[in-house]
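Okay, so here's the structure we're looking at.
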Amino acid sequence: MAMLAVSFAVSRVKKLPPFLFPNRFDSTDTSLTKEDTLILLKPPSTASTNWSNIIREAEKVVGYPTSFINLRQCLQSDDLANLTVYLKKLIGNNHFQPQTVKKILYGDSKNLQPWGLIILLLCKTVRSNSPQPQLDKIEEHQRQLAEVTEMIRAGHLIHKGIINIPFAKRSQTSETITFGNKIALLLGDCLLTTASSMLADLRNFDVYYTMHSALKDLSEGEFFGERDEQNMPLPGKPKKAKEDLDIPLDTMSISANDVLGKPRKEWTARSVFNGIRLLGRGCQSAMVLAKQSRETQTYAYHFGCHVGLAWQAATELQTLTSDNKDQFCLASAPVLFALEDNPDLYKIIDQGKNDVKDVDYEDLKFNILKTDAVEKTKMLYQDHARKATAYAESIGQNDSVDMIKKLINTF
C-alpha cells in the first residue's frame with residue numbers, strides 16, 4: 001500500500017512544472033545515484049529484525065505484502081530517477097524533508113508502524129455471510145481504505161516537513177529551503193488529494209465522513225498548545241491536579257485549558273489529534289465496509305486508538321532511552337511525566353521558546369532519567385496495549401487476533 005502511495009507521488013513529481021523550481025537547479029545533474037539515495041534513506045541501525053519478521057508473518061495472514069518494507073524495491077526502480085535529483089538539492093542544507101521521508105519509510109525506532117496492516121488484520125477478525133462476489137468487493141474496498149489511511153498519514157507527515165522562514169531572515173541562502181518546501185507541499189497535496197478521491201470511489205458516505213473527520217483533527221492538531229517558530233510542540237507548564245486520568249477519545253470534548261500541564265491528559269490529547277484518531281477511524285470504517293454492528297464499529301474505533309497510543313508511548317520511550325544524542329519531542333510522555341515530578345525542568349524547555357533546537361537535550365535527558373518518567377511511560381504503554389488487546393478479542397477470536405497481539409506486544 002505504502003509503495004503504491006509513494007510510487008504515485010514520484011510519478012507526479014516527474015510531471016511538476018519547471019517554473020516551480022529555482023533556475024539554478026540543473027535537472028540534468030544526476031550525480032546522486034539511486035544507491036546514494038538508498039544510503040540516505042536507509043533504516044536506523046537499531047531496527048529490529050524480530051519486528052520485521054513479525055511484519056512478514058502478519059502479511060501472510062492478510063494474504064499479500066502491505067508494508068513499507070517493500071518500498072526498498074520501489075526505491076531501486078527507475079521511477080525514482082528524477083526524485084533523486086530533487087533530494088540531492090536538500091542534502092546538507094538542513095532541510096527536514098530527507099528526514100521526513102526516512103521516517104515515513106522506516107518509522108522512528110522500528111522499521112515501521114504498520115497502520116494499514118493493522119486495519120487489514122482487523123478485517124480478518126470478522127466473518128461475513130455475504131456471497132463470494134460481494135465478499136470480494138468488500139475486501140477490495142477494505143484494502144483501498146487501508147491504502148487511504150497510509151496516504152493521509154504520509155501526506156500529513158510530509159507537510160510537517162515544511163520549514164518556516166521568517167520574512168526578515170529570507171535571503172539567497174534560503175532558496176534551497178524554499179525549494180524543499182515546494183517539494184513537501186506538492187508531494188503532500190498529491191497524496192492527500194489522491195486519498196480523498198479514493199475515499200469518494202468507495203461510494204460510502206459514512207466512511208467518507210468518518211475519515212474526513214480524522215483529517216480535520218490532523219489539521220487542528222497543528223494549532224494545539226504552545227509551539228515554536230517551526231510549529232514544533234512545546235509542553236504546557238505543569239499544573240498540580242488531584243486526578244490525571246484518561247480523556248475521552250473524541251476530539252470534540254477536548255479543551256486545551258483542561259488538559260495542558262496535566263501529563264497523561266495532555267499527552268493523550270496531543271496524540272489523538274496528531275494521527276491516533278486517524279488509525280481509530282480507519283479501523284472503524286473497515287467495520288462499516290464489512291457491514292458490522294454499531295457496537296463492533298465502536299470497538300474497532302477504540303481498538304485502533306489504543307493500538308496507536310501504545311505504539312506512540314513505546315516509540316517515545318525508545319527514543320529517550322536510546323544511546324543516540326538526537327533531539328526528542330518536548331511534548332512526549334517521558335518529558336511530560338518528568339515535568340510533573342520536577343517542574344523546575346521547565347526552565348530548560350524555556351530555552352526553546354523560539355526554536356526547540358536551542359534546548360540543551362543532553363541536560364534535559366539526564367534530568368528526565370533521574371525521575372520516574374521512564375517507568376510511568378512503560379506503564380502507559382502497557383495500559384493501552386492491554387486495552388487494545390481486550391477490544392480486539394471482543395471483535396473476534398482467530399489467527400488474525402493472535403497476530404495483532406504479537407504486533408502490539410513486540411515493543
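Chain lettering (A, B, ...) mirrors the order of the C-alpha cells, residue numbering begins at 1 for each chain separately, and ligand numbering begins at 1 in order of display.
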
Taking 5 positions as the minimum chain separation for residues in the same chain, which residues sit within 8 Å of A:Ile395 when counting only C-alpha atoms? Answer as an mmCIF file with N, CA and C atoms, in the first residue's frame.
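Full text of part-v4.cif as output:
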```cif
data_model
loop_
_atom_site.group_PDB
_atom_site.id
_atom_site.type_symbol
_atom_site.label_atom_id
_atom_site.label_comp_id
_atom_site.auth_asym_id
_atom_site.auth_seq_id
_atom_site.Cartn_x
_atom_site.Cartn_y
_atom_site.Cartn_z
ATOM 1 N N THR A 125 -10.639 -10.448 11.343
ATOM 2 C CA THR A 125 -11.183 -10.980 12.598
ATOM 3 C C THR A 125 -12.684 -11.201 12.533
ATOM 4 N N VAL A 126 -13.348 -10.604 11.548
ATOM 5 C CA VAL A 126 -14.806 -10.740 11.443
ATOM 6 C C VAL A 126 -15.158 -11.577 10.221
ATOM 7 N N THR A 296 -19.710 -3.228 17.189
ATOM 8 C CA THR A 296 -18.420 -3.672 16.652
ATOM 9 C C THR A 296 -17.640 -2.500 16.073
ATOM 10 N N TYR A 299 -16.114 -0.705 18.971
ATOM 11 C CA TYR A 299 -14.973 -1.474 19.477
ATOM 12 C C TYR A 299 -13.755 -1.271 18.575
ATOM 13 N N ALA A 300 -13.996 -1.284 17.268
ATOM 14 C CA ALA A 300 -12.895 -1.134 16.309
ATOM 15 C C ALA A 300 -12.236 0.236 16.446
#
```

Would you compute the distance between atom CA of A:Ile349 and atom CA of A:Ser322? Give it in Å to one decimal. 20.3 Å

Can you pull out the residues contacting A:Gln142? Cut-off 10 Å, using only C-alpha atoms, and skip same-chain residues under 2 positions away; I want them as a VMD selection string. chain A and resid 116 119 to 120 123 136 to 140 144 to 148 202 282 to 283 285 to 290

Writer output for current selection, N, CA and C atoms, as a PDB file, in the first residue's frame:
```pdb
ATOM      1  N   GLY A 116      -1.810   0.425   8.077  1.00  0.00           N
ATOM      2  CA  GLY A 116      -2.628  -0.257   7.074  1.00  0.00           C
ATOM      3  C   GLY A 116      -2.727  -1.746   7.340  1.00  0.00           C
ATOM      4  N   ILE A 119      -5.194  -2.480  10.121  1.00  0.00           N
ATOM      5  CA  ILE A 119      -6.578  -2.383   9.636  1.00  0.00           C
ATOM      6  C   ILE A 119      -6.975  -3.666   8.907  1.00  0.00           C
ATOM      7  N   LEU A 120      -6.102  -4.165   8.063  1.00  0.00           N
ATOM      8  CA  LEU A 120      -6.407  -5.376   7.297  1.00  0.00           C
ATOM      9  C   LEU A 120      -6.466  -6.612   8.188  1.00  0.00           C
ATOM     10  N   CYS A 123      -9.773  -6.581   9.796  1.00  0.00           N
ATOM     11  CA  CYS A 123     -10.811  -7.036   8.861  1.00  0.00           C
ATOM     12  C   CYS A 123     -10.923  -8.558   8.858  1.00  0.00           C
ATOM     13  N   ASP A 136     -15.717 -10.401  -2.124  1.00  0.00           N
ATOM     14  CA  ASP A 136     -14.514  -9.928  -2.821  1.00  0.00           C
ATOM     15  C   ASP A 136     -14.500  -8.411  -2.941  1.00  0.00           C
ATOM     16  N   LYS A 137     -15.681  -7.842  -3.199  1.00  0.00           N
ATOM     17  CA  LYS A 137     -15.774  -6.387  -3.335  1.00  0.00           C
ATOM     18  C   LYS A 137     -15.511  -5.700  -1.992  1.00  0.00           C
ATOM     19  N   ILE A 138     -16.036  -6.281  -0.908  1.00  0.00           N
ATOM     20  CA  ILE A 138     -15.795  -5.722   0.429  1.00  0.00           C
ATOM     21  C   ILE A 138     -14.315  -5.737   0.755  1.00  0.00           C
ATOM     22  N   GLU A 139     -13.646  -6.859   0.471  1.00  0.00           N
ATOM     23  CA  GLU A 139     -12.214  -6.967   0.758  1.00  0.00           C
ATOM     24  C   GLU A 139     -11.410  -5.980  -0.077  1.00  0.00           C
ATOM     25  N   GLU A 140     -11.825  -5.786  -1.322  1.00  0.00           N
ATOM     26  CA  GLU A 140     -11.138  -4.812  -2.180  1.00  0.00           C
ATOM     27  C   GLU A 140     -11.280  -3.404  -1.612  1.00  0.00           C
ATOM     28  N   GLN A 144      -8.437  -0.814  -0.089  1.00  0.00           N
ATOM     29  CA  GLN A 144      -8.341   0.569  -0.551  1.00  0.00           C
ATOM     30  C   GLN A 144      -8.395   1.525   0.634  1.00  0.00           C
ATOM     31  N   LEU A 145      -9.215   1.221   1.617  1.00  0.00           N
ATOM     32  CA  LEU A 145      -9.306   2.042   2.817  1.00  0.00           C
ATOM     33  C   LEU A 145      -7.981   2.058   3.581  1.00  0.00           C
ATOM     34  N   ALA A 146      -7.347   0.893   3.679  1.00  0.00           N
ATOM     35  CA  ALA A 146      -6.049   0.816   4.356  1.00  0.00           C
ATOM     36  C   ALA A 146      -5.010   1.670   3.623  1.00  0.00           C
ATOM     37  N   GLU A 147      -5.050   1.643   2.288  1.00  0.00           N
ATOM     38  CA  GLU A 147      -4.137   2.468   1.499  1.00  0.00           C
ATOM     39  C   GLU A 147      -4.411   3.949   1.741  1.00  0.00           C
ATOM     40  N   VAL A 148      -5.690   4.309   1.810  1.00  0.00           N
ATOM     41  CA  VAL A 148      -6.074   5.704   2.052  1.00  0.00           C
ATOM     42  C   VAL A 148      -5.541   6.183   3.400  1.00  0.00           C
ATOM     43  N   LEU A 202     -15.147   4.800  -2.954  1.00  0.00           N
ATOM     44  CA  LEU A 202     -15.779   3.751  -2.148  1.00  0.00           C
ATOM     45  C   LEU A 202     -17.299   3.896  -2.131  1.00  0.00           C
ATOM     46  N   GLY A 282      -9.897   4.684  10.800  1.00  0.00           N
ATOM     47  CA  GLY A 282      -9.644   3.709   9.747  1.00  0.00           C
ATOM     48  C   GLY A 282     -10.166   2.334  10.130  1.00  0.00           C
ATOM     49  N   CYS A 283      -9.930   1.937  11.378  1.00  0.00           N
ATOM     50  CA  CYS A 283     -10.419   0.642  11.875  1.00  0.00           C
ATOM     51  C   CYS A 283     -11.950   0.635  11.916  1.00  0.00           C
ATOM     52  N   SER A 285     -14.000   2.454  10.087  1.00  0.00           N
ATOM     53  CA  SER A 285     -14.523   2.445   8.715  1.00  0.00           C
ATOM     54  C   SER A 285     -14.427   1.067   8.075  1.00  0.00           C
ATOM     55  N   ALA A 286     -13.394   0.311   8.439  1.00  0.00           N
ATOM     56  CA  ALA A 286     -13.253  -1.042   7.916  1.00  0.00           C
ATOM     57  C   ALA A 286     -14.431  -1.908   8.349  1.00  0.00           C
ATOM     58  N   MET A 287     -14.909  -1.696   9.566  1.00  0.00           N
ATOM     59  CA  MET A 287     -16.070  -2.449  10.055  1.00  0.00           C
ATOM     60  C   MET A 287     -17.367  -1.948   9.410  1.00  0.00           C
ATOM     61  N   VAL A 288     -17.407  -0.662   9.061  1.00  0.00           N
ATOM     62  CA  VAL A 288     -18.563  -0.137   8.326  1.00  0.00           C
ATOM     63  C   VAL A 288     -18.661  -0.822   6.965  1.00  0.00           C
ATOM     64  N   LEU A 289     -17.518  -0.928   6.287  1.00  0.00           N
ATOM     65  CA  LEU A 289     -17.497  -1.592   4.975  1.00  0.00           C
ATOM     66  C   LEU A 289     -17.879  -3.067   5.088  1.00  0.00           C
ATOM     67  N   ALA A 290     -17.525  -3.682   6.218  1.00  0.00           N
ATOM     68  CA  ALA A 290     -17.859  -5.096   6.436  1.00  0.00           C
ATOM     69  C   ALA A 290     -19.292  -5.273   6.933  1.00  0.00           C
TER      70      ALA A 290
END
```

When you look at A:Leu380 with a cut-off of 9 Å (counting only C-alpha atoms), what residues show up, excluding the ones that are within fewer than 4 positions of it in the same chain? I need them as a ChimeraX atom specification. /A:264,309-310,313-314,333,375-376,384-385

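All residues of protein, DNA or RNA that reach within 10 Å of stretch 365-368 of chain A, judged by only C-alpha atoms and not counting those fewer than 5 positions away in the chain, are A:Leu320, A:Thr321, A:Lys325, A:Gln327, A:Phe328, A:Pro334, A:Val335, A:Leu336, A:Phe337, A:Ala338, A:Leu339, A:Asp341, A:Asn342, A:Leu345, A:Asp360, A:Ala373, A:Val374.
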
Residue nearest A:Lys291 - candidates A:Val259, A:Leu135, A:Ile55, A:Ile276, atoms counted: only C-alpha atoms: A:Leu135

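Note that atom CA of A:Leu369 and atom CA of A:Gly236 are 19.8 Å apart.
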
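In this model, the gap between atom CA of A:Arg294 and atom CA of A:Lys60 comes to 29.1 Å.
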
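Distance check against A:Ile348 using only C-alpha atoms: of A:Leu234, A:Ser219, A:Leu191, A:Lys262, the minimum falls on A:Leu234.
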